[in-house]
Structures are given as C-alpha cells and as structure tokens.
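One file, upload_5.json, is given below (JSON, C-alpha atoms).
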```json
[["chain", "number", "residue", "atom", "x", "y", "z"],
["M", 1, "MET", "CA", -10.62, 15.02, -39.66],
["M", 2, "SER", "CA", -12.80, 15.19, -36.62],
["M", 3, "PHE", "CA", -14.16, 12.60, -34.25],
["M", 4, "SER", "CA", -15.86, 12.75, -30.92],
["M", 5, "VAL", "CA", -15.14, 11.00, -27.65],
["M", 6, "HIS", "CA", -17.73, 10.44, -24.97],
["M", 7, "GLY", "CA", -17.14, 10.34, -21.27],
["M", 8, "GLN", "CA", -17.55, 12.09, -18.02],
["M", 9, "ALA", "CA", -16.23, 15.62, -17.57],
["M", 10, "VAL", "CA", -13.94, 16.10, -14.61],
["M", 11, "SER", "CA", -14.02, 19.88, -14.51],
["M", 12, "ARG", "CA", -16.65, 22.44, -15.43],
["M", 13, "GLY", "CA", -16.83, 24.62, -18.51],
["M", 14, "VAL", "CA", -15.79, 24.37, -22.14],
["M", 15, "VAL", "CA", -12.24, 24.17, -23.43],
["M", 16, "ILE", "CA", -11.12, 24.61, -27.01],
["M", 17, "GLY", "CA", -7.59, 23.51, -27.74],
["M", 18, "ARG", "CA", -5.18, 20.66, -28.03],
["M", 19, "ALA", "CA", -5.99, 17.37, -26.27],
["M", 20, "VAL", "CA", -3.54, 14.90, -24.82],
["M", 21, "VAL", "CA", -4.50, 11.26, -24.59],
["M", 22, "MET", "CA", -2.95, 9.49, -21.61],
["M", 23, "ALA", "CA", -2.16, 5.81, -21.93],
["M", 24, "SER", "CA", -2.80, 3.77, -18.84],
["M", 25, "SER", "CA", 0.50, 3.63, -16.94],
["M", 26, "ARG", "CA", -0.11, -0.03, -16.20],
["M", 27, "MET", "CA", 0.26, -1.01, -19.83],
["M", 28, "ASP", "CA", 3.84, -0.01, -20.31],
["M", 29, "VAL", "CA", 5.83, -1.13, -17.28],
["M", 30, "ALA", "CA", 9.19, -2.82, -17.63],
["M", 31, "HIS", "CA", 9.27, -6.61, -17.23],
["M", 32, "TYR", "CA", 12.61, -8.14, -16.33],
["M", 33, "PHE", "CA", 14.11, -10.73, -14.02],
["M", 34, "ILE", "CA", 16.28, -9.50, -11.20],
["M", 35, "GLU", "CA", 19.41, -11.26, -9.97],
["M", 36, "PRO", "CA", 18.76, -13.38, -6.86],
["M", 37, "GLU", "CA", 21.18, -11.21, -4.84],
["M", 38, "ASP", "CA", 19.06, -8.16, -5.68],
["M", 39, "ILE", "CA", 15.86, -9.48, -4.07],
["M", 40, "GLY", "CA", 16.40, -7.43, -0.92],
["M", 41, "LYS", "CA", 17.06, -4.31, -2.97],
["M", 42, "GLU", "CA", 13.90, -4.85, -5.04],
["M", 43, "LEU", "CA", 11.79, -5.37, -1.89],
["M", 44, "ARG", "CA", 13.15, -2.10, -0.54],
["M", 45, "ARG", "CA", 12.27, -0.30, -3.80],
["M", 46, "MET", "CA", 8.74, -1.60, -3.37],
["M", 47, "ALA", "CA", 8.56, -0.52, 0.27],
["M", 48, "ASN", "CA", 9.87, 2.94, -0.61],
["M", 49, "ALA", "CA", 7.29, 3.33, -3.36],
["M", 50, "ARG", "CA", 4.55, 2.30, -0.97],
["M", 51, "ASP", "CA", 5.74, 4.78, 1.66],
["M", 52, "ALA", "CA", 5.85, 7.55, -0.95],
["M", 53, "VAL", "CA", 2.23, 6.91, -1.98],
["M", 54, "VAL", "CA", 1.16, 6.73, 1.68],
["M", 55, "THR", "CA", 2.74, 10.15, 2.25],
["M", 56, "GLU", "CA", 1.03, 11.47, -0.86],
["M", 57, "ILE", "CA", -2.42, 10.32, 0.26],
["M", 58, "GLU", "CA", -1.86, 11.67, 3.76],
["M", 59, "LEU", "CA", -1.03, 15.04, 2.22],
["M", 60, "VAL", "CA", -4.25, 15.01, 0.23],
["M", 61, "GLN", "CA", -6.16, 14.04, 3.37],
["M", 62, "ARG", "CA", -4.63, 16.93, 5.26],
["M", 63, "SER", "CA", -5.45, 19.37, 2.49],
["M", 64, "LEU", "CA", -9.03, 18.12, 2.58],
["M", 65, "THR", "CA", -9.37, 18.81, 6.28],
["M", 66, "ASP", "CA", -8.36, 22.39, 5.59],
["M", 67, "LEU", "CA", -11.30, 22.84, 3.24],
["M", 68, "PRO", "CA", -14.69, 24.08, 4.41],
["M", 69, "ALA", "CA", -16.82, 21.10, 5.41],
["M", 70, "SER", "CA", -19.07, 21.51, 2.37],
["M", 71, "ASP", "CA", -16.13, 21.09, -0.02],
["M", 72, "ALA", "CA", -14.61, 18.02, 1.60],
["M", 73, "PRO", "CA", -17.09, 15.23, 1.05],
["M", 74, "ALA", "CA", -16.97, 12.48, 3.63],
["M", 75, "GLU", "CA", -17.14, 10.03, 0.74],
["M", 76, "LEU", "CA", -13.76, 11.12, -0.52],
["M", 77, "THR", "CA", -12.08, 11.10, 2.86],
["M", 78, "ALA", "CA", -13.37, 7.58, 3.44],
["M", 79, "LEU", "CA", -12.16, 6.49, 0.02],
["M", 80, "LEU", "CA", -8.66, 7.79, 0.67],
["M", 81, "ASP", "CA", -8.76, 5.92, 3.94],
["M", 82, "VAL", "CA", -9.50, 2.72, 2.03],
["M", 83, "HIS", "CA", -6.58, 3.42, -0.30],
["M", 84, "LEU", "CA", -4.27, 3.88, 2.69],
["M", 85, "MET", "CA", -5.43, 0.60, 4.18],
["M", 86, "LEU", "CA", -4.90, -1.20, 0.88],
["M", 87, "LEU", "CA", -1.36, 0.15, 0.68],
["M", 88, "GLN", "CA", -0.56, -1.09, 4.16],
["M", 89, "ASP", "CA", -2.37, -4.41, 3.76],
["M", 90, "GLN", "CA", -0.31, -7.46, 4.63],
["M", 91, "THR", "CA", -2.19, -9.83, 2.30],
["M", 92, "LEU", "CA", -1.54, -7.56, -0.66],
["M", 93, "ALA", "CA", 2.08, -6.91, 0.31],
["M", 94, "LYS", "CA", 2.75, -10.64, 0.72],
["M", 95, "GLY", "CA", 1.19, -11.43, -2.66],
["M", 96, "VAL", "CA", 3.37, -8.82, -4.35],
["M", 97, "SER", "CA", 6.61, -9.73, -2.59],
["M", 98, "ASP", "CA", 6.11, -13.43, -3.42],
["M", 99, "TRP", "CA", 6.53, -12.60, -7.13],
["M", 100, "ILE", "CA", 9.82, -10.89, -6.34],
["M", 101, "VAL", "CA", 11.17, -13.53, -3.95],
["M", 102, "ASP", "CA", 9.96, -16.69, -5.74],
["M", 103, "ARG", "CA", 9.98, -15.65, -9.38],
["M", 104, "HIS", "CA", 12.59, -12.87, -9.33],
["M", 105, "TYR", "CA", 10.23, -10.42, -11.00],
["M", 106, "ASN", "CA", 11.14, -6.73, -10.84],
["M", 107, "ALA", "CA", 8.92, -4.60, -8.59],
["M", 108, "GLU", "CA", 6.77, -3.16, -11.40],
["M", 109, "TRP", "CA", 6.14, -6.58, -12.90],
["M", 110, "ALA", "CA", 5.30, -8.02, -9.47],
["M", 111, "LEU", "CA", 2.70, -5.30, -8.92],
["M", 112, "THR", "CA", 1.01, -5.83, -12.28],
["M", 113, "ALA", "CA", 1.13, -9.62, -11.89],
["M", 114, "GLN", "CA", -0.61, -9.42, -8.51],
["M", 115, "LEU", "CA", -3.13, -6.90, -9.87],
["M", 116, "GLU", "CA", -3.99, -9.38, -12.60],
["M", 117, "VAL", "CA", -4.53, -12.22, -10.13],
["M", 118, "LEU", "CA", -6.72, -10.12, -7.84],
["M", 119, "GLY", "CA", -8.41, -8.38, -10.76],
["M", 120, "ARG", "CA", -9.63, -11.71, -12.11],
["M", 121, "GLN", "CA", -11.15, -12.51, -8.72],
["M", 122, "PHE", "CA", -12.90, -9.15, -8.68],
["M", 123, "ASP", "CA", -14.20, -9.75, -12.22],
["M", 124, "GLU", "CA", -15.82, -12.98, -11.07],
["M", 125, "MET", "CA", -17.80, -11.33, -8.30],
["M", 126, "GLU", "CA", -21.54, -11.48, -8.81],
["M", 127, "ASP", "CA", -22.37, -8.24, -7.08],
["M", 128, "PRO", "CA", -21.73, -5.39, -9.55],
["M", 129, "TYR", "CA", -21.01, -2.87, -6.81],
["M", 130, "LEU", "CA", -18.38, -5.06, -5.18],
["M", 131, "ARG", "CA", -16.91, -5.92, -8.58],
["M", 132, "GLU", "CA", -16.30, -2.24, -9.25],
["M", 133, "ARG", "CA", -14.08, -1.91, -6.21],
["M", 134, "LYS", "CA", -11.33, -3.30, -8.39],
["M", 135, "ALA", "CA", -10.89, 0.36, -9.34],
["M", 136, "ASP", "CA", -9.61, 1.19, -5.85],
["M", 137, "LEU", "CA", -6.94, -1.47, -6.11],
["M", 138, "GLU", "CA", -5.99, -0.35, -9.61],
["M", 139, "GLN", "CA", -5.60, 3.26, -8.53],
["M", 140, "VAL", "CA", -3.37, 2.37, -5.60],
["M", 141, "ILE", "CA", -1.18, 0.11, -7.73],
["M", 142, "GLU", "CA", -0.96, 2.63, -10.54],
["M", 143, "ARG", "CA", 0.26, 5.29, -8.11],
["M", 144, "MET", "CA", 2.96, 2.90, -6.92],
["M", 145, "LEU", "CA", 3.96, 2.19, -10.52],
["M", 146, "VAL", "CA", 4.26, 5.91, -11.18],
["M", 147, "VAL", "CA", 6.50, 6.36, -8.13],
["M", 148, "LEU", "CA", 8.63, 3.34, -9.11],
["M", 149, "GLY", "CA", 9.12, 4.87, -12.52],
["M", 150, "GLY", "CA", 10.47, 7.99, -10.85],
["M", 151, "GLU", "CA", 7.51, 9.91, -12.15],
["M", 152, "GLY", "CA", 6.01, 11.16, -8.95],
["M", 153, "VAL", "CA", 4.73, 14.24, -10.70],
["M", 154, "SER", "CA", 1.34, 15.30, -11.91],
["M", 155, "VAL", "CA", 0.03, 13.99, -15.21],
["M", 156, "PHE", "CA", 0.40, 17.43, -16.75],
["M", 157, "GLU", "CA", 4.08, 17.48, -15.93],
["M", 158, "ARG", "CA", 4.45, 14.13, -17.66],
["M", 159, "VAL", "CA", 3.00, 15.44, -20.90],
["M", 160, "PRO", "CA", 5.85, 16.00, -23.36],
["M", 161, "LYS", "CA", 6.59, 19.69, -23.70],
["M", 162, "ALA", "CA", 6.21, 19.58, -27.48],
["M", 163, "THR", "CA", 2.55, 18.70, -27.23],
["M", 164, "ILE", "CA", 1.83, 21.90, -25.36],
["M", 165, "GLY", "CA", 1.51, 24.93, -27.57],
["M", 166, "ARG", "CA", 4.28, 27.52, -27.68],
["M", 167, "THR", "CA", 2.05, 29.82, -25.71],
["M", 168, "GLY", "CA", 2.27, 27.37, -22.82],
["M", 169, "GLU", "CA", -1.44, 26.68, -22.87],
["M", 170, "ARG", "CA", -2.48, 23.62, -20.91],
["M", 171, "PRO", "CA", -3.93, 20.79, -22.97],
["M", 172, "ALA", "CA", -7.24, 19.10, -22.34],
["M", 173, "LEU", "CA", -6.66, 15.70, -20.79],
["M", 174, "VAL", "CA", -8.32, 12.57, -22.13],
["M", 175, "ALA", "CA", -7.80, 9.38, -20.13],
["M", 176, "GLU", "CA", -9.47, 6.09, -19.37],
["M", 177, "GLN", "CA", -9.40, 6.96, -15.73],
["M", 178, "LEU", "CA", -7.82, 9.49, -13.42],
["M", 179, "ALA", "CA", -6.76, 8.75, -9.89],
["M", 180, "LEU", "CA", -7.96, 11.11, -7.21],
["M", 181, "GLN", "CA", -4.46, 12.12, -6.25],
["M", 182, "GLN", "CA", -3.64, 13.10, -9.79],
["M", 183, "ARG", "CA", -6.58, 15.45, -9.93],
["M", 184, "ARG", "CA", -5.69, 17.06, -6.66],
["M", 185, "ARG", "CA", -2.20, 17.81, -7.88],
["M", 186, "ASN", "CA", -3.57, 19.57, -10.89],
["M", 187, "GLY", "CA", -5.26, 21.96, -8.55],
["M", 188, "SER", "CA", -8.73, 21.20, -9.80],
["M", 189, "THR", "CA", -11.59, 21.18, -7.38],
["M", 190, "VAL", "CA", -12.54, 17.85, -5.89],
["M", 191, "ASP", "CA", -16.03, 16.66, -6.53],
["M", 192, "CYS", "CA", -17.51, 13.72, -4.78],
["M", 193, "HIS", "CA", -17.70, 11.09, -7.51],
["M", 194, "GLU", "CA", -16.39, 7.92, -6.07],
["M", 195, "ARG", "CA", -14.83, 6.99, -9.41],
["M", 196, "PRO", "CA", -13.55, 10.06, -11.11],
["M", 197, "LEU", "CA", -13.48, 9.64, -14.86],
["M", 198, "ALA", "CA", -12.29, 11.80, -17.63],
["M", 199, "ALA", "CA", -13.54, 11.31, -21.13],
["M", 200, "ALA", "CA", -13.27, 7.63, -22.00],
["M", 201, "ARG", "CA", -11.69, 6.78, -25.27],
["S", 1, "MET", "CA", -12.15, -20.38, 19.79],
["S", 2, "ILE", "CA", -15.62, -19.01, 19.03],
["S", 3, "GLN", "CA", -17.49, -19.48, 15.80],
["S", 4, "GLU", "CA", -20.64, -17.70, 14.63],
["S", 5, "THR", "CA", -22.55, -17.46, 11.38],
["S", 6, "ILE", "CA", -24.14, -14.20, 10.31],
["S", 7, "THR", "CA", -25.92, -12.77, 7.28],
["S", 8, "ILE", "CA", -24.71, -9.51, 5.77],
["S", 9, "SER", "CA", -27.79, -7.27, 5.79],
["S", 10, "ASN", "CA", -26.68, -3.83, 4.61],
["S", 11, "LYS", "CA", -27.64, -2.78, 1.10],
["S", 12, "LEU", "CA", -24.13, -2.49, -0.32],
["S", 13, "GLY", "CA", -22.67, -5.55, 1.37],
["S", 14, "LEU", "CA", -19.01, -5.76, 2.34],
["S", 15, "HIS", "CA", -17.95, -2.98, -0.01],
["S", 16, "ALA", "CA", -14.79, -0.95, 0.44],
["S", 17, "ARG", "CA", -15.96, 1.30, 3.26],
["S", 18, "ALA", "CA", -17.70, -1.42, 5.20],
["S", 19, "SER", "CA", -14.65, -3.63, 4.75],
["S", 20, "ALA", "CA", -12.49, -0.80, 6.09],
["S", 21, "LYS", "CA", -14.65, -0.47, 9.22],
["S", 22, "LEU", "CA", -14.63, -4.20, 9.80],
["S", 23, "THR", "CA", -10.87, -4.52, 9.27],
["S", 24, "LYS", "CA", -10.14, -1.64, 11.64],
["S", 25, "LEU", "CA", -12.35, -3.12, 14.32],
["S", 26, "ALA", "CA", -10.85, -6.60, 13.94],
["S", 27, "GLY", "CA", -7.33, -5.15, 13.95],
["S", 28, "GLY", "CA", -7.94, -3.59, 17.35],
["S", 29, "PHE", "CA", -8.15, -6.98, 19.05],
["S", 30, "THR", "CA", -5.21, -9.21, 19.89],
["S", 31, "CYS", "CA", -7.04, -12.43, 18.99],
["S", 32, "ASP", "CA", -7.00, -13.92, 15.50],
["S", 33, "VAL", "CA", -10.10, -13.11, 13.44],
["S", 34, "TRP", "CA", -11.03, -15.23, 10.45],
["S", 35, "MET", "CA", -13.96, -15.01, 8.10],
["S", 36, "THR", "CA", -15.18, -17.71, 5.74],
["S", 37, "ARG", "CA", -17.59, -17.58, 2.83],
["S", 38, "ASN", "CA", -18.01, -20.25, 0.15],
["S", 39, "GLU", "CA", -15.00, -22.14, 1.52],
["S", 40, "ARG", "CA", -12.80, -19.10, 1.21],
["S", 41, "ARG", "CA", -11.19, -18.32, 4.56],
["S", 42, "ILE", "CA", -9.51, -14.97, 5.05],
["S", 43, "ASN", "CA", -7.82, -12.95, 7.78],
["S", 44, "ALA", "CA", -10.38, -10.31, 8.77],
["S", 45, "LYS", "CA", -7.59, -7.92, 9.76],
["S", 46, "SER", "CA", -6.73, -7.55, 6.05],
["S", 47, "ILE", "CA", -8.96, -5.24, 3.99],
["S", 48, "MET", "CA", -7.87, -7.02, 0.82],
["S", 49, "GLY", "CA", -9.00, -10.33, 2.31],
["S", 50, "VAL", "CA", -12.35, -8.95, 3.44],
["S", 51, "MET", "CA", -13.04, -7.34, 0.06],
["S", 52, "MET", "CA", -12.16, -10.62, -1.67],
["S", 53, "LEU", "CA", -14.92, -12.40, 0.27],
["S", 54, "ALA", "CA", -17.26, -10.64, -2.17],
["S", 55, "ALA", "CA", -20.03, -10.75, 0.41],
["S", 56, "GLY", "CA", -22.98, -8.79, -0.92],
["S", 57, "MET", "CA", -26.31, -8.22, 0.79],
["S", 58, "GLY", "CA", -27.78, -11.53, 1.92],
["S", 59, "ALA", "CA", -24.44, -13.37, 1.93],
["S", 60, "THR", "CA", -23.79, -15.68, 4.85],
["S", 61, "VAL", "CA", -20.37, -15.52, 6.44],
["S", 62, "GLU", "CA", -18.78, -17.45, 9.24],
["S", 63, "ILE", "CA", -16.69, -15.59, 11.79],
["S", 64, "GLU", "CA", -14.06, -17.22, 14.00],
["S", 65, "THR", "CA", -12.23, -15.48, 16.80],
["S", 66, "ASP", "CA", -9.41, -17.16, 18.64],
["S", 67, "GLY", "CA", -7.40, -15.61, 21.48],
["S", 68, "VAL", "CA", -7.62, -13.85, 24.83],
["S", 69, "ASP", "CA", -10.22, -11.27, 23.77],
["S", 70, "GLU", "CA", -12.19, -13.57, 21.44],
["S", 71, "ARG", "CA", -15.53, -12.83, 23.15],
["S", 72, "GLU", "CA", -15.18, -9.03, 22.89],
["S", 73, "ALA", "CA", -14.01, -9.31, 19.29],
["S", 74, "MET", "CA", -16.93, -11.54, 18.30],
["S", 75, "ASP", "CA", -19.49, -9.32, 20.05],
["S", 76, "GLY", "CA", -18.04, -6.21, 18.42],
["S", 77, "LEU", "CA", -18.03, -7.70, 14.92],
["S", 78, "LEU", "CA", -21.56, -9.07, 15.20],
["S", 79, "ALA", "CA", -22.78, -5.71, 16.47],
["S", 80, "LEU", "CA", -21.11, -3.87, 13.58],
["S", 81, "ILE", "CA", -22.62, -6.19, 10.97],
["S", 82, "ASN", "CA", -26.06, -6.16, 12.62],
["S", 83, "ASP", "CA", -25.89, -2.37, 12.76],
["S", 84, "LYS", "CA", -25.44, -2.43, 8.95],
["S", 85, "PHE", "CA", -22.01, -0.80, 9.44],
["S", 86, "GLY", "CA", -23.72, 2.36, 10.61],
["S", 87, "GLU", "CA", -24.98, 2.98, 7.10],
["S", 88, "GLY", "CA", -28.64, 2.92, 8.04],
["S", 89, "GLU", "CA", -29.73, 0.75, 5.13]]
```

Written as structure tokens, how would this file's structure read?
Amino acid sequence: MSFSVHGQAVSRGVVIGRAVVMASSRMDVAHYFIEPEDIGKELRRMANARDAVVTEIELVQRSLTDLPASDAPAELTALLDVHLMLLQDQTLAKGVSDWIVDRHYNAEWALTAQLEVLGRQFDEMEDPYLRERKADLEQVIERMLVVLGGEGVSVFERVPKATIGRTGERPALVAEQLALQQRRRNGSTVDCHERPLAAAR
Amino acid sequence: MIQETITISNKLGLHARASAKLTKLAGGFTCDVWMTRNERRINAKSIMGVMMLAAGMGATVEIETDGVDEREAMDGLLALINDKFGEGE
C-alpha cells in the first residue's frame, strides 16, 4: 500500500527509507491531581523545566553566533529571543502556577491547560499574522513538556530503536511541526523559515 | 500618571518581534507601564500581555505610565511605535 503526504521539506535532497511519524508531545501528557503538600515541589519542577529550556535556547543562540553571518539569519536569533522572553514572562508563569496552586494540577497538565486558554485567545485574533504567533507559545510549552517528561533529548533519540533498521540508518521524520531547537540538535542546517515545518500529515 | 493614545502604524502590528522590543523598552523603566485596547488592560512589561493585545496595523492603543520616570517611559514608547519599531514599514 502506498500513500503520499504533503508538506514542507526541512532539509534538502531525496531520502528513500523508513519514515517515523511523530505524535505531538502535547497530546499525551499525564493528567493527575497532586497532593496539596506537594504544591511547592510541583512549582519547583516547573521552574527547573523552564530553566533547562532557557539554557537550551541560550546554547543554540551561542552556536548561532559562531556561524558565519550569512548562515545565522537575524530572523532566527530574534525568534529565539522571543522564546526566551516568553519563558521568563511573569504573566505566563502566573497563569501556569495558578493551575497548580488553585486546582492542584500536575505541572504538565497546568502547562497544557494554560496553553489552551491562551490558544483560544490567539485563535480569536482577527489579524492572521498575529494569530499565527500561537506557534511560538506552543513551541516553548512543548519544549518544557519534553523536559518535564525527562526526555530532554533530540527527537531522533526518542524514536524507538526497533523502528530504525538493523543497519542503523536514520529514518525520515514526519511531524506536524518541529521546534527550532529540535532541528538544531539533529545537526541539520538552520534555514530562516520563521515556522519550520516538516511534512504535515 | 500619564496617559496617551496612539495608533499602531507598522505593517505587521504588535507581532512577536515588535512586542519583544516594546516589552524590553518598558521593562527598562522603574515606572508601571500599562497598555489598553478594546477594554483589555495589560502590563506592557510582559511579552505575553503585549502579544495578547492583538494590535494589528491601524489598531488604537492607550498607554499609561505611572512612576518616577513616567515621562521618559512614555516618550520612549511613543517614539518606538512612531518609528514603526525600526522595521521601516
């Protein structure tokens, strides 16, 4: 059986081989209530995850400054800057921690709950360009979810070994969307699309 | 407290990068900086707040500054917006 998927290529060239379809990490987070005495612990988990993603983005920024000017588009540097600011934003942090403190949600659930609230507001925006900025928020929150899940590794490392051929060949990646940081870790070159997309399902 | 109304005139409006510039500028002052559009009032030192204003080109926003350096803050913010965030269009 064969079928085709359409989307935007992230890297150049043609690949023939096995493909791995990545589910969006947001879809499968754990939802549970924490004990009231664990609120402080959960807030610290959240803060640690945020700090880890901040460090990650700062690393990418540093690696970009090492590149020749032509290869480090100003667009991308500015975008990473926006992601850093979102991570350190008090309004966002307060919204997320309220779910933990008031409703006793676990950190992952709190993040997705707040993303839903803010996402709806983005969806209602009239200006299509502004509406699309929801993607920045989603990417930042997805990175935090990955860190919370203890999966601070590249997408390729998360692919089950069995799906990669015995020869160790790397599979082609099909995803709804790839975060910038994920692409950098895979060692691919960075191009200057503001919203990097792999083939959409 | 100072209050001013201004129209966003750059092509892309208060998108992510423009919001980042505005938030950074506002954050450099000690006074409080608030922005209001369509009855939504946000802290202009928060990028999330500024992005949520959803102020596209032609949107009218109200700026309030309140504190010791309110004049400098207001002048700086108006200049940034009038300069189309340095984007040239």

Skip region 54-64 of chain S itself and residues of its chain fewer than 4 positions away, then list as a PyMOL selection string all residues within 8 Å of it, counting all atoms listed in the file. (chain M and resi 122+125-127+130-131) or (chain S and resi 1-15+32-37+50+74)

Output as a compact mmCIF listing (two decimals) with C-alpha atoms, in the coordinates of the input the set of chain M residues within 12 Å of chain S, with distances taken over all atoms listed in the file.
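In the end it all went to iface_8.txt:
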```
# COMPACT_ATOMS: atom_id res chain seq x y z
CA ALA M 74 -16.97 12.48 3.63
CA GLU M 75 -17.14 10.03 0.74
CA LEU M 76 -13.76 11.12 -0.52
CA THR M 77 -12.08 11.10 2.86
CA ALA M 78 -13.37 7.58 3.44
CA LEU M 79 -12.16 6.49 0.02
CA LEU M 80 -8.66 7.79 0.67
CA ASP M 81 -8.76 5.92 3.94
CA VAL M 82 -9.50 2.72 2.03
CA HIS M 83 -6.58 3.42 -0.30
CA LEU M 84 -4.27 3.88 2.69
CA MET M 85 -5.43 0.60 4.18
CA LEU M 86 -4.90 -1.20 0.88
CA LEU M 87 -1.36 0.15 0.68
CA GLN M 88 -0.56 -1.09 4.16
CA ASP M 89 -2.37 -4.41 3.76
CA GLN M 90 -0.31 -7.46 4.63
CA THR M 91 -2.19 -9.83 2.30
CA LEU M 92 -1.54 -7.56 -0.66
CA ALA M 93 2.08 -6.91 0.31
CA LYS M 94 2.75 -10.64 0.72
CA GLY M 95 1.19 -11.43 -2.66
CA LEU M 115 -3.13 -6.90 -9.87
CA VAL M 117 -4.53 -12.22 -10.13
CA LEU M 118 -6.72 -10.12 -7.84
CA GLY M 119 -8.41 -8.38 -10.76
CA ARG M 120 -9.63 -11.71 -12.11
CA GLN M 121 -11.15 -12.51 -8.72
CA PHE M 122 -12.90 -9.15 -8.68
CA ASP M 123 -14.20 -9.75 -12.22
CA GLU M 124 -15.82 -12.98 -11.07
CA MET M 125 -17.80 -11.33 -8.30
CA GLU M 126 -21.54 -11.48 -8.81
CA ASP M 127 -22.37 -8.24 -7.08
CA PRO M 128 -21.73 -5.39 -9.55
CA TYR M 129 -21.01 -2.87 -6.81
CA LEU M 130 -18.38 -5.06 -5.18
CA ARG M 131 -16.91 -5.92 -8.58
CA GLU M 132 -16.30 -2.24 -9.25
CA ARG M 133 -14.08 -1.91 -6.21
CA LYS M 134 -11.33 -3.30 -8.39
CA ALA M 135 -10.89 0.36 -9.34
CA ASP M 136 -9.61 1.19 -5.85
CA LEU M 137 -6.94 -1.47 -6.11
CA GLU M 194 -16.39 7.92 -6.07
```

One number please: CA of Leu111 (chain M) to CA of Asp38 (chain M), in Å, one decimal. 16.9 Å

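For the atom pair formed by CA of Ala107 (chain M) and CA of Arg45 (chain M), the distance is 7.3 Å, given to one decimal.
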
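You will find CA of Ala26 (chain S) at 20.3 Å from CA of Glu39 (chain S).
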
Excluding region 30-37 of chain M and its own-chain neighbours fewer than 2 positions away, which residues fall within 7 Å of it when counting all atoms listed in the file? Please give them as a list in words. Asp28, Ile39, His104, Tyr105, Asn106, Glu108 and Trp109 of chain M

Please report, as lines of an AutoDock Vina configuration file, the centre and edge lengths in Å to one decimal of an axis-aligned box covering all listed atoms of region 76-86 of chain S with 8 Å per side.
```
center_x = -22.0
center_y = -3.4
center_z = 13.7
size_x = 24.0
size_y = 27.4
size_z = 25.5
```

Of S:Ala44, S:Asn82, S:Gly88, S:Arg71, the one nearest to Leu22 (chain S) when counting only C-alpha atoms is S:Ala44
